[in-house]
There are 2 protein chains.
Amino acid sequence: MSCMVMFKEKGLKLTPQRRLIVNAIHGTEAHLTAEEIIGYVQTRMPGVNKSTVYRTLQLLEEAGCVYKSELGDQSIYHHAEEGHHHHLVCSRCGRTVDCAEDVFLPIERAVRDKYGFQAGFKHMVMSGLCKECRGKAG
Amino acid sequence: MSCMVMFKEKGLKLTPQRRLIVNAIHGTEAHLTAEEIIGYVQTRMPGVNKSTVYRTLQLLEEAGCVYKSELGDQSIYHHAEEGHHHHLVCSRCGRTVDCAEDVFLPIERAVRDKYGFQAGFKHMVMSGLCKECRGKAG
DNA sequence: ATAGTTATTGCACCTGGTTGCAATTATAAG
DNA sequence: CTTATAATTGCAACCAGGTGCAATAACTAT
């Protein structure tokens, strides 16, 4: 896994704690919250400090191995290899739907042409009402 | 100001603390951070607790009097009457450019058609490189 | 296998923001 | 103007996340 190699390549050390954290993210298809990753690590190796986890996640993010998306209060982490997409989060039921990457192309073009601004859209999180919840009263 | 009236209409009380908080937001064109609002209030009325400010901001937001945008770590507040727009924040120099509201219409349509998802885009914050910083080395 | 270098860990503390609760205060009614 | 009552305040404690630092552990060269 390139995540493990990345540490070595950057002159960083591959500790048991870091191995666990990488495993947590690679071992699931889901998008994990920091809390879930801390839980995963601590059940397998009690005593690991949360700051260790946060620091490692930041390293992985900076190296491009892991992506972090923010929706209001919580951040979710997912590994970079599984392809990029955006996230539609229903504000009523909380369910998340993956969304094709290219829906942001028109905006990317628009803000570049209008404002000369080069926006980067990766793993954007959009909130709203999902198909099921649109029908219900509200 | 409808913000002041709003409290009464909802059976809420119009305290000096709340008056100050509303003044802070109405008295400026800028987008204020929570910290700035707390500072504004506390210089005029020392002793006001931050939780009072946060609770009032939440009330104003729920009532639609105030909008809150989140960019990564910080939240900015602005009153709802000044018209809606999005924010382009340069990740290099930190400068913010206002962006027309309608750039999100294509996405709104796309996710509705493709996923049946009704997304709401208000005061979105997009990060990237502004016109000036695009030229510089990176 | 050993010693030396240097990154990493856990700790304790800090930050912005949130919450439960007893004391206070704005408001409505008399 | 007084009283009643319910909303609000300030407090203190809490939460997720982040930081400086001394002790520790991973890697490197021998």
# chains A, B, ... in the order shown; residues from 1 in each chain; ligands from 1

$ interface_residues --of "chain A" --to "chain B" --cutoff "7 Å" --atoms "only C-alpha atoms" --output "list in words"
Glu70, Gly72, Val103, Phe104, Pro106, Ile107, Ala110, Gly116, Phe117, Gln118, Ala119, Gly120, Met126, Ser127, Gly128, Leu129, Cys130 and Lys131 of chain A

$ residues_around --residues "A:Glu62" --least-positions-apart "4" --cutoff "12 Å" --atoms "only C-alpha atoms (C1' of nucleotides)" --output "PyMOL selection string"
chain A and resi 3+6-7+10+55-58+66-68+80

$ write_last_selection --atoms "all heavy atoms" --output "compact mmCIF listing (two decimals), in the first residue's frame"
# COMPACT_ATOMS: atom_id res chain seq x y z
N CYS A 3 0.44 4.06 1.10
CA CYS A 3 0.41 4.84 2.33
C CYS A 3 1.59 4.47 3.23
O CYS A 3 2.24 5.34 3.81
CB CYS A 3 -0.88 4.60 3.10
SG CYS A 3 -2.33 5.34 2.35
N MET A 6 4.79 5.64 1.70
CA MET A 6 4.90 7.10 1.76
C MET A 6 5.70 7.55 2.97
O MET A 6 6.55 8.44 2.87
CB MET A 6 3.49 7.70 1.79
CG MET A 6 3.42 9.20 1.89
SD MET A 6 3.57 9.88 3.58
CE MET A 6 2.05 9.31 4.35
N PHE A 7 5.43 6.95 4.11
CA PHE A 7 6.15 7.35 5.32
C PHE A 7 7.66 7.23 5.12
O PHE A 7 8.41 8.17 5.37
CB PHE A 7 5.71 6.50 6.52
CG PHE A 7 4.35 6.84 7.04
CD1 PHE A 7 3.30 5.94 6.96
CD2 PHE A 7 4.11 8.08 7.62
CE1 PHE A 7 2.05 6.26 7.45
CE2 PHE A 7 2.85 8.40 8.11
CZ PHE A 7 1.82 7.49 8.02
N LYS A 10 9.27 9.76 2.84
CA LYS A 10 9.39 11.11 3.38
C LYS A 10 10.32 11.15 4.59
O LYS A 10 10.39 12.15 5.29
CB LYS A 10 8.02 11.64 3.77
CG LYS A 10 7.09 11.86 2.60
CD LYS A 10 6.10 12.94 2.94
CE LYS A 10 5.50 13.55 1.69
NZ LYS A 10 4.71 14.75 1.98
N ARG A 55 -2.64 13.65 14.36
CA ARG A 55 -1.40 14.02 13.68
C ARG A 55 -1.14 13.12 12.48
O ARG A 55 -0.71 13.59 11.42
CB ARG A 55 -0.23 13.95 14.67
CG ARG A 55 -0.12 15.20 15.52
CD ARG A 55 1.15 15.23 16.34
NE ARG A 55 1.05 14.38 17.52
CZ ARG A 55 1.33 14.79 18.77
NH1 ARG A 55 1.71 16.02 18.98
NH2 ARG A 55 1.22 13.98 19.78
N THR A 56 -1.40 11.84 12.63
CA THR A 56 -1.17 10.92 11.51
C THR A 56 -2.15 11.19 10.37
O THR A 56 -1.76 11.18 9.20
CB THR A 56 -1.32 9.46 11.99
OG1 THR A 56 -0.37 9.23 13.01
CG2 THR A 56 -1.09 8.50 10.84
N LEU A 57 -3.40 11.45 10.72
CA LEU A 57 -4.38 11.76 9.67
C LEU A 57 -3.96 13.00 8.90
O LEU A 57 -4.11 13.08 7.68
CB LEU A 57 -5.76 11.95 10.29
CG LEU A 57 -6.45 10.67 10.77
CD1 LEU A 57 -7.72 10.99 11.53
CD2 LEU A 57 -6.75 9.75 9.59
N GLN A 58 -3.42 13.96 9.61
CA GLN A 58 -2.98 15.18 8.93
C GLN A 58 -1.82 14.90 7.98
O GLN A 58 -1.79 15.40 6.85
CB GLN A 58 -2.57 16.21 9.97
CG GLN A 58 -2.47 17.61 9.39
CD GLN A 58 -2.00 18.62 10.43
OE1 GLN A 58 -2.37 18.52 11.59
NE2 GLN A 58 -1.18 19.57 10.02
N VAL A 66 -4.94 10.42 1.81
CA VAL A 66 -6.25 10.38 2.43
C VAL A 66 -6.96 11.70 2.14
O VAL A 66 -6.31 12.75 2.09
CB VAL A 66 -6.09 10.18 3.96
CG1 VAL A 66 -7.28 10.70 4.72
CG2 VAL A 66 -5.85 8.73 4.28
N TYR A 67 -8.25 11.63 1.90
CA TYR A 67 -9.02 12.85 1.72
C TYR A 67 -9.91 13.10 2.92
O TYR A 67 -10.44 12.19 3.51
CB TYR A 67 -9.89 12.78 0.46
CG TYR A 67 -9.15 13.30 -0.74
CD1 TYR A 67 -8.45 12.43 -1.57
CD2 TYR A 67 -9.09 14.66 -1.00
CE1 TYR A 67 -7.74 12.91 -2.66
CE2 TYR A 67 -8.39 15.14 -2.08
CZ TYR A 67 -7.72 14.26 -2.91
OH TYR A 67 -7.02 14.74 -3.97
N LYS A 68 -10.04 14.37 3.22
CA LYS A 68 -10.88 14.77 4.34
C LYS A 68 -11.98 15.66 3.80
O LYS A 68 -11.71 16.62 3.09
CB LYS A 68 -10.02 15.54 5.34
CG LYS A 68 -10.74 16.05 6.56
CD LYS A 68 -9.73 16.53 7.59
CE LYS A 68 -9.96 17.98 7.97
NZ LYS A 68 -8.95 18.46 8.92
N ALA A 80 -7.48 7.86 -0.78
CA ALA A 80 -7.51 8.57 -2.05
C ALA A 80 -7.67 7.66 -3.25
O ALA A 80 -8.06 8.09 -4.33
CB ALA A 80 -6.24 9.40 -2.21

$ closest_residue --among "A:Ile25, A:Leu12, A:Val53, A:Val48" --to "D:DG17" --atoms "only C-alpha atoms (C1' of nucleotides)"
A:Val53

$ closest_atom_pairs --of "chain C" --to "chain B" --cutoff "12 Å" --atoms "only C-alpha atoms (C1' of nucleotides)" --output "tab-separated table"
residue	atom	partner	partner_atom	distance
C:DT15	C1'	B:Asp73	CA	11.6
C:DG16	C1'	B:Glu35	CA	8.7
C:DG17	C1'	B:Tyr54	CA	7.8
C:DT18	C1'	B:Ser51	CA	7.8
C:DT19	C1'	B:Ser51	CA	9.4
C:DT25	C1'	B:Thr15	CA	8.7
C:DA26	C1'	B:Lys13	CA	6.1
C:DT27	C1'	B:Lys13	CA	7.5
C:DA28	C1'	B:Gly11	CA	11.2

$ calpha_fit_and_write --fixed "chain B" --moving "chain A" --output "short mmCIF file (atom, residue, chain, number, x, y, z; two decimals) with C-alpha atoms, in the first residue's frame"
data_model
loop_
_atom_site.label_atom_id
_atom_site.label_comp_id
_atom_site.auth_asym_id
_atom_site.auth_seq_id
_atom_site.Cartn_x
_atom_site.Cartn_y
_atom_site.Cartn_z
CA MET A 1 -34.94 45.93 11.95
CA SER A 2 -36.74 42.65 11.54
CA CYS A 3 -34.19 40.90 13.72
CA MET A 4 -35.31 42.82 16.76
CA VAL A 5 -38.97 42.25 15.93
CA MET A 6 -38.37 38.56 15.35
CA PHE A 7 -37.61 37.98 19.01
CA LYS A 8 -40.91 39.45 20.09
CA GLU A 9 -42.84 37.57 17.45
CA LYS A 10 -41.46 34.31 18.69
CA GLY A 11 -42.22 35.12 22.30
CA LEU A 12 -38.53 35.62 23.01
CA LYS A 13 -37.07 38.43 25.08
CA LEU A 14 -35.12 41.35 23.73
CA THR A 15 -32.22 41.69 26.14
CA PRO A 16 -29.39 44.23 26.00
CA GLN A 17 -27.02 41.41 25.15
CA ARG A 18 -29.13 40.40 22.16
CA ARG A 19 -29.46 43.97 20.98
CA LEU A 20 -25.68 44.24 20.93
CA ILE A 21 -25.25 41.04 19.00
CA VAL A 22 -27.77 42.12 16.37
CA ASN A 23 -26.05 45.50 16.14
CA ALA A 24 -22.72 43.82 15.56
CA ILE A 25 -24.04 41.98 12.55
CA HIS A 26 -26.12 44.82 11.15
CA GLY A 27 -23.45 47.43 11.74
CA THR A 28 -21.01 46.06 9.22
CA GLU A 29 -20.93 44.95 5.63
CA ALA A 30 -18.24 42.45 6.44
CA HIS A 31 -18.60 38.83 7.35
CA LEU A 32 -17.87 38.43 11.01
CA THR A 33 -16.45 35.46 12.80
CA ALA A 34 -17.97 34.39 16.09
CA GLU A 35 -14.83 35.59 17.82
CA GLU A 36 -15.20 39.05 16.32
CA ILE A 37 -18.82 39.25 17.42
CA ILE A 38 -17.86 38.17 20.93
CA GLY A 39 -15.18 40.85 20.93
CA TYR A 40 -17.61 43.54 19.73
CA VAL A 41 -20.11 42.65 22.43
CA GLN A 42 -17.63 42.34 25.25
CA THR A 43 -15.91 45.67 24.65
CA ARG A 44 -19.30 47.37 24.96
CA MET A 45 -20.60 45.24 27.77
CA PRO A 46 -17.89 43.37 29.64
CA GLY A 47 -18.93 40.17 31.33
CA VAL A 48 -21.15 38.91 28.56
CA ASN A 49 -20.55 35.22 28.27
CA LYS A 50 -19.57 33.59 25.01
CA SER A 51 -22.33 31.02 25.38
CA THR A 52 -24.86 33.85 25.32
CA VAL A 53 -23.43 34.98 22.01
CA TYR A 54 -23.40 31.50 20.52
CA ARG A 55 -26.96 30.84 21.65
CA THR A 56 -28.21 34.11 20.19
CA LEU A 57 -26.43 33.52 16.89
CA GLN A 58 -28.08 30.14 16.69
CA LEU A 59 -31.51 31.66 17.30
CA LEU A 60 -30.92 34.28 14.61
CA GLU A 61 -29.75 31.61 12.20
CA GLU A 62 -32.76 29.41 12.85
CA ALA A 63 -35.06 32.37 12.32
CA GLY A 64 -33.40 33.08 8.99
CA CYS A 65 -32.17 36.50 10.11
CA VAL A 66 -28.54 35.57 9.88
CA TYR A 67 -26.58 33.25 7.62
CA LYS A 68 -23.68 31.17 8.73
CA SER A 69 -21.05 29.91 6.27
CA GLU A 70 -18.43 27.38 7.17
CA LEU A 71 -14.99 27.19 5.67
CA GLY A 72 -13.04 24.35 7.20
CA ASP A 73 -12.17 25.63 10.61
CA GLN A 74 -14.01 28.92 10.95
CA SER A 75 -17.63 30.03 10.64
CA ILE A 76 -18.64 33.46 9.41
CA TYR A 77 -21.92 35.23 10.05
CA HIS A 78 -23.73 37.80 7.93
CA HIS A 79 -27.22 39.17 8.00
CA ALA A 80 -29.74 37.79 5.57
CA GLU A 81 -30.91 41.08 4.06
CA GLU A 82 -27.79 41.93 2.14
CA GLY A 83 -28.61 39.51 -0.67
CA HIS A 84 -27.24 36.06 -1.17
CA HIS A 85 -23.96 35.23 -2.78
CA HIS A 86 -21.19 32.71 -2.49
CA HIS A 87 -17.65 33.18 -1.30
CA LEU A 88 -14.40 32.45 -3.09
CA VAL A 89 -11.65 32.20 -0.53
CA CYS A 90 -8.07 32.16 -1.72
CA SER A 91 -6.14 29.44 0.04
CA ARG A 92 -2.90 31.34 -0.49
CA CYS A 93 -3.61 34.98 0.40
CA GLY A 94 -6.82 34.48 2.31
CA ARG A 95 -8.69 37.17 0.41
CA THR A 96 -12.42 36.63 -0.12
CA VAL A 97 -14.31 37.45 -3.32
CA ASP A 98 -18.09 37.47 -3.51
CA CYS A 99 -19.51 35.25 -6.20
CA ALA A 100 -22.85 35.40 -8.02
CA GLU A 101 -25.55 33.13 -6.65
CA ASP A 102 -26.50 31.54 -9.96
CA VAL A 103 -23.26 29.67 -10.60
CA PHE A 104 -24.71 26.80 -8.60
CA LEU A 105 -27.83 26.43 -10.73
CA PRO A 106 -26.26 23.81 -13.07
CA ILE A 107 -25.31 21.64 -10.10
CA GLU A 108 -28.66 22.06 -8.48
CA ARG A 109 -30.25 20.80 -11.66
CA ALA A 110 -27.70 18.01 -12.16
CA VAL A 111 -28.04 16.44 -8.72
CA ARG A 112 -31.83 16.75 -8.89
CA ASP A 113 -31.99 14.99 -12.27
CA LYS A 114 -29.34 12.36 -11.55
CA TYR A 115 -29.96 11.56 -7.91
CA GLY A 116 -33.34 13.07 -7.05
CA PHE A 117 -31.50 15.13 -4.48
CA GLN A 118 -32.71 18.62 -3.67
CA ALA A 119 -29.60 20.50 -2.67
CA GLY A 120 -29.72 23.96 -1.15
CA PHE A 121 -26.82 26.24 -1.95
CA LYS A 122 -26.62 29.39 0.10
CA HIS A 123 -23.45 31.19 0.96
CA MET A 124 -21.26 28.35 -0.19
CA VAL A 125 -17.59 28.77 0.47
CA MET A 126 -15.18 27.62 -2.21
CA SER A 127 -11.46 27.54 -1.73
CA GLY A 128 -8.86 27.82 -4.44
CA LEU A 129 -6.46 30.32 -5.95
CA CYS A 130 -7.52 33.89 -6.70
CA LYS A 131 -6.60 35.76 -9.87
CA GLU A 132 -3.55 37.39 -8.29
CA CYS A 133 -2.17 34.24 -6.70
CA ARG A 134 -2.60 32.04 -9.78
CA GLY A 135 0.29 33.80 -11.44
CA LYS A 136 2.72 33.35 -8.60
CA ALA A 137 4.95 30.33 -8.20
CA GLY A 138 3.57 27.56 -6.08
#

$ select_by_dssp --residues "chain B" --states "strand (DSSP E)" --output "tab-separated table (two decimals) with C-alpha atoms, in the first residue's frame"
chain	number	residue	atom	x	y	z
B	32	LEU	CA	-17.89	38.53	11.00
B	33	THR	CA	-16.43	35.57	12.78
B	66	VAL	CA	-28.55	35.57	9.89
B	67	TYR	CA	-26.56	33.28	7.64
B	68	LYS	CA	-23.63	31.22	8.74
B	69	SER	CA	-20.99	29.96	6.30
B	70	GLU	CA	-18.35	27.45	7.20
B	71	LEU	CA	-14.91	27.28	5.72
B	74	GLN	CA	-13.95	29.03	10.97
B	75	SER	CA	-17.58	30.15	10.67
B	76	ILE	CA	-18.61	33.55	9.41
B	77	TYR	CA	-21.91	35.29	10.04
B	78	HIS	CA	-23.74	37.87	7.94
B	79	HIS	CA	-27.26	39.21	7.99
B	86	HIS	CA	-21.14	32.68	-2.50
B	87	HIS	CA	-17.59	33.13	-1.31
B	88	LEU	CA	-14.36	32.38	-3.11
B	89	VAL	CA	-11.60	32.11	-0.56
B	90	CYS	CA	-8.02	32.04	-1.75
B	96	THR	CA	-12.34	36.53	-0.14
B	97	VAL	CA	-14.23	37.38	-3.34
B	98	ASP	CA	-17.99	37.43	-3.51
B	99	CYS	CA	-19.45	35.22	-6.20
B	118	GLN	CA	-32.74	18.66	-3.73
B	119	ALA	CA	-29.63	20.53	-2.74
B	125	VAL	CA	-17.54	28.71	0.45
B	126	MET	CA	-15.16	27.54	-2.25
B	127	SER	CA	-11.44	27.46	-1.76
B	128	GLY	CA	-8.82	27.70	-4.48
B	129	LEU	CA	-6.44	30.22	-5.97

$ select_by_dssp --residues "chain A" --states "helix (DSSP H, G or I)" --output "PyMOL selection string"
chain A and resi 2-9+16-26+34-44+50-62+80-82+101-115+131-135

$ interface_residues --of "chain D" --to "chain A" --cutoff "8 Å" --atoms "only C-alpha atoms (C1' of nucleotides)" --output "ChimeraX atom specification"
/D:17-18,26-27

$ atom_distance --atom1 "atom C1' of D:DG10" --atom2 "atom C1' of C:DA12"
27.4 Å
